[in-house]
Amino acid sequence: MPTIAMQKPARRTSPLFPAAALLCALLLALLLTALPAAAQTSQPRTVSFPSADGKTTLVGYLFAPAGRPKTAPAVVLLHGAGGAYVPTAKGNYSAITLDKRIRSWAEIWAAQGFWALVVDSFGPRGYPAGVLSSASRSTAIADTVRPLDAYGALRYLRSSPRVKSDRIGIEGWSSGGNAALAALASSPTAAATPPGKGFRLGLALYPTCTLDGAGKAYLPYAPVHIFIGSRDERASVANCEKLADASKSAGGAVGLTILEGATHDFDNPVRPRSGSPDNAEATAETRRQAVALMAAALR
């Protein structure tokens with residue numbers, strides 16, 4: 001797929017869906033930008049469910065869709081290596097201390113009329129404050145264990161009569177973005193999911209784009225879109241370009257947006273540099289595209 005040239009070099013995008021298919025969804029994205037920042041203020045419901053690893057009971061935080069429709073699509077959210085909670089949680093790991101970035105995204109999806117399920121992968125395994133001190137542990141969990149958590153969340157959501165079981169997406173950040181990519185890879189885990197009952201779309205924000213595949217092209221069973229800053233100091237833009245190009249050449253539906261000037265973690269509202277013009281613009285653009293993509297996939 002060709003790269004779209006923009007008048008202002010704020011981003012470089014390889015489209016995931018045709019422009020015509022996104023027209024109505026883009027209107028929804030424009031509406032989102034007009035919503036108050038705190039469109040959803042109620043606390044999510046704390047839930048528990050088994051991971052597909054067969055041995056871990058996970059903790060999740062379920063945000064209800066705006067308007068409380070009888071049934072609605074859903075989005076699974078996978079945190080990064082820092083875990084699901086704010087750094088100042090100090091032992092109080094609960095819905096009240098959820099990471100502000102992941103909460104803001106959950107509220108965006110709820111405002112769009114979707115269920116949003118934040119999955120805590122690290123707390124139940126003894127690392128509620130995250131695994132930032134061990135990059136290798138984070139990568140290993142992202143590539144092997146956390147995709148099983150994603151499928152545990154998928155199974156939990158599909159068990160509810162209030163969730164549209166064939167309209168569930170997934171979104172992840174950093175190592176959670178890698179986990180989202182891995183979850184949609186054509187694999188035994190994915191193959192075990194009934195046709196049409198897997199994830200409909202994957203969004204990965206600043207993943208490393210390094211997946212185990214023995215040199216094979218990444219071929220997700222559903223569309224995927226990657227967002228990464230051109231100045232990301234932890235994840236490799238080149239790796240993501242290579243993964244996307246190889247996948248598309250092999251027939252995979254992988255889109256890529258490179259946000260000019262943005263760094264790693266660009267949408268984190270509590271980091272001092274999140275207020276920089278490039279990161280702020282990258283956050284706004286990512287939200288616009290993400291809402292349009294998810295609406296097109298789940299409506």
# chains A, B, ... in the order shown; residues from 1 in each chain; ligands from 1

call {"tool": "residues_around", "arguments": {"residues": "stretch 48-58 of chain A", "least_positions_apart": "6", "cutoff": "12 Å", "atoms": "only C-alpha atoms", "output": "count of residues only"}}
result
33

call {"tool": "residues_around", "arguments": {"residues": "A:Ser236", "least_positions_apart": "3", "cutoff": "10 Å", "atoms": "only C-alpha atoms", "output": "PyMOL selection string"}}
result
chain A and resi 206-210+228-233+239-242+264

call {"tool": "write_last_selection", "arguments": {"atoms": "C-alpha atoms", "output": "PDB file, in the first residue's frame"}}
result
ATOM      1  CA  TYR A 206       4.819   2.241  19.770  1.00  0.00           C
ATOM      2  CA  PRO A 207       5.515  -1.536  19.857  1.00  0.00           C
ATOM      3  CA  THR A 208       9.013  -2.843  19.208  1.00  0.00           C
ATOM      4  CA  CYS A 209       7.653  -4.751  16.200  1.00  0.00           C
ATOM      5  CA  THR A 210       9.958  -7.693  16.998  1.00  0.00           C
ATOM      6  CA  ILE A 228       4.933   5.083  16.296  1.00  0.00           C
ATOM      7  CA  GLY A 229       6.823   8.369  16.677  1.00  0.00           C
ATOM      8  CA  SER A 230       9.676   9.170  14.317  1.00  0.00           C
ATOM      9  CA  ARG A 231      11.862  10.030  17.348  1.00  0.00           C
ATOM     10  CA  ASP A 232      10.953   6.970  19.421  1.00  0.00           C
ATOM     11  CA  GLU A 233      13.996   6.215  21.551  1.00  0.00           C
ATOM     12  CA  ASN A 239      11.585  -2.486  12.589  1.00  0.00           C
ATOM     13  CA  CYS A 240       7.941  -1.427  12.288  1.00  0.00           C
ATOM     14  CA  GLU A 241       8.408  -0.353   8.665  1.00  0.00           C
ATOM     15  CA  LYS A 242      10.087  -3.664   7.901  1.00  0.00           C
ATOM     16  CA  HIS A 264       8.064   6.885  22.841  1.00  0.00           C
TER      17      HIS A 264
END

call {"tool": "closest_residue", "arguments": {"among": "A:Tyr127, A:Trp115, A:Tyr61, A:Tyr93", "to": "A:Ala74", "atoms": "only C-alpha atoms"}}
result
A:Trp115

call {"tool": "closest_residue", "arguments": {"among": "A:Val59, A:Ala81, A:Ile96, A:Ala66", "to": "A:Gln43", "atoms": "only C-alpha atoms"}}
result
A:Ile96

call {"tool": "residues_around", "arguments": {"residues": "A:Asp99", "least_positions_apart": "2", "cutoff": "7 Å", "atoms": "only C-alpha atoms", "output": "NGL selection string"}}
result
:A and (84-86 or 97 or 101-103)

call {"tool": "residues_around", "arguments": {"residues": "A:Asn268", "least_positions_apart": "2", "cutoff": "12 Å", "atoms": "only C-alpha atoms", "output": "PyMOL selection string"}}
result
chain A and resi 79-80+82+86+99-105+173-174+205-206+262-266+270-276+279-280+282-284

call {"tool": "write_last_selection", "arguments": {"atoms": "N, CA and C atoms", "output": "short mmCIF file (atom, residue, chain, number, x, y, z; two decimals), in the first residue's frame"}}
result
data_model
loop_
_atom_site.label_atom_id
_atom_site.label_comp_id
_atom_site.auth_asym_id
_atom_site.auth_seq_id
_atom_site.Cartn_x
_atom_site.Cartn_y
_atom_site.Cartn_z
N HIS A 79 -1.90 -2.96 28.82
CA HIS A 79 -0.95 -1.95 29.31
C HIS A 79 0.47 -2.26 28.86
N GLY A 80 1.36 -1.29 29.09
CA GLY A 80 2.77 -1.46 28.76
C GLY A 80 3.56 -2.07 29.90
N GLY A 82 5.14 -0.76 32.23
CA GLY A 82 4.98 -0.11 33.53
C GLY A 82 3.80 -0.62 34.33
N VAL A 86 -0.88 3.73 38.10
CA VAL A 86 -0.01 4.90 38.17
C VAL A 86 1.21 4.58 39.04
N ASP A 99 -3.66 3.48 35.52
CA ASP A 99 -2.81 4.33 34.71
C ASP A 99 -3.67 5.35 33.96
N LYS A 100 -3.28 6.62 34.01
CA LYS A 100 -4.11 7.69 33.45
C LYS A 100 -4.25 7.59 31.93
N ARG A 101 -3.20 7.14 31.28
CA ARG A 101 -3.28 7.00 29.82
C ARG A 101 -4.28 5.91 29.43
N ILE A 102 -4.16 4.75 30.05
CA ILE A 102 -5.05 3.65 29.67
C ILE A 102 -6.48 3.96 30.08
N ARG A 103 -6.65 4.68 31.19
CA ARG A 103 -8.00 5.10 31.59
C ARG A 103 -8.59 6.05 30.55
N SER A 104 -7.77 7.00 30.07
CA SER A 104 -8.28 7.96 29.09
C SER A 104 -8.74 7.26 27.82
N TRP A 105 -7.99 6.23 27.39
CA TRP A 105 -8.39 5.49 26.21
C TRP A 105 -9.64 4.66 26.47
N TRP A 173 -0.14 -0.86 24.25
CA TRP A 173 0.89 0.16 24.28
C TRP A 173 2.25 -0.48 24.56
N SER A 174 3.27 -0.10 23.79
CA SER A 174 4.64 -0.55 24.02
C SER A 174 4.69 -2.08 24.04
N LEU A 205 0.33 0.79 19.74
CA LEU A 205 1.01 2.07 19.88
C LEU A 205 2.45 1.83 20.34
N TYR A 206 3.37 2.33 19.59
CA TYR A 206 4.82 2.24 19.77
C TYR A 206 5.30 0.87 20.26
N ALA A 262 7.44 12.77 17.22
CA ALA A 262 6.92 12.18 18.46
C ALA A 262 7.90 11.17 19.03
N THR A 263 7.90 11.05 20.35
CA THR A 263 8.79 10.13 21.06
C THR A 263 8.02 8.91 21.55
N HIS A 264 8.73 8.02 22.20
CA HIS A 264 8.06 6.88 22.84
C HIS A 264 7.13 7.41 23.93
N ASP A 265 5.99 6.69 24.10
CA ASP A 265 5.08 7.06 25.19
C ASP A 265 4.44 8.43 24.94
N PHE A 266 4.28 8.81 23.67
CA PHE A 266 3.86 10.18 23.36
C PHE A 266 2.49 10.54 23.90
N VAL A 270 0.88 11.99 31.90
CA VAL A 270 1.58 12.40 33.13
C VAL A 270 3.06 12.65 32.92
N ARG A 271 3.58 12.38 31.74
CA ARG A 271 5.00 12.64 31.49
C ARG A 271 5.18 14.10 31.09
N PRO A 272 6.22 14.78 31.60
CA PRO A 272 6.42 16.20 31.29
C PRO A 272 6.45 16.49 29.79
N ARG A 273 7.09 15.61 29.02
CA ARG A 273 7.22 15.91 27.60
C ARG A 273 5.94 15.63 26.82
N SER A 274 4.91 15.06 27.48
CA SER A 274 3.67 14.80 26.76
C SER A 274 3.00 16.09 26.31
N GLY A 275 3.40 17.20 26.93
CA GLY A 275 2.84 18.49 26.54
C GLY A 275 3.58 19.15 25.40
N SER A 276 4.63 18.52 24.88
CA SER A 276 5.36 19.10 23.76
C SER A 276 4.46 19.13 22.53
N ASN A 279 4.39 15.75 20.49
CA ASN A 279 3.70 14.66 21.18
C ASN A 279 2.21 14.93 21.32
N ALA A 280 1.86 16.18 21.59
CA ALA A 280 0.44 16.53 21.70
C ALA A 280 -0.27 16.33 20.37
N ALA A 282 0.74 14.32 17.98
CA ALA A 282 0.73 12.88 17.71
C ALA A 282 -0.41 12.20 18.46
N THR A 283 -0.63 12.61 19.69
CA THR A 283 -1.72 12.03 20.48
C THR A 283 -3.07 12.31 19.84
N ALA A 284 -3.29 13.57 19.44
CA ALA A 284 -4.57 13.93 18.82
C ALA A 284 -4.77 13.19 17.51
#

call {"tool": "select_by_dssp", "arguments": {"residues": "stretch 53-285 of chain A", "states": "alpha helix (DSSP H)", "output": "PyMOL selection string"}}
result
chain A and resi 100-111+135-140+146-158+175-183+188-191+237-249+277-285
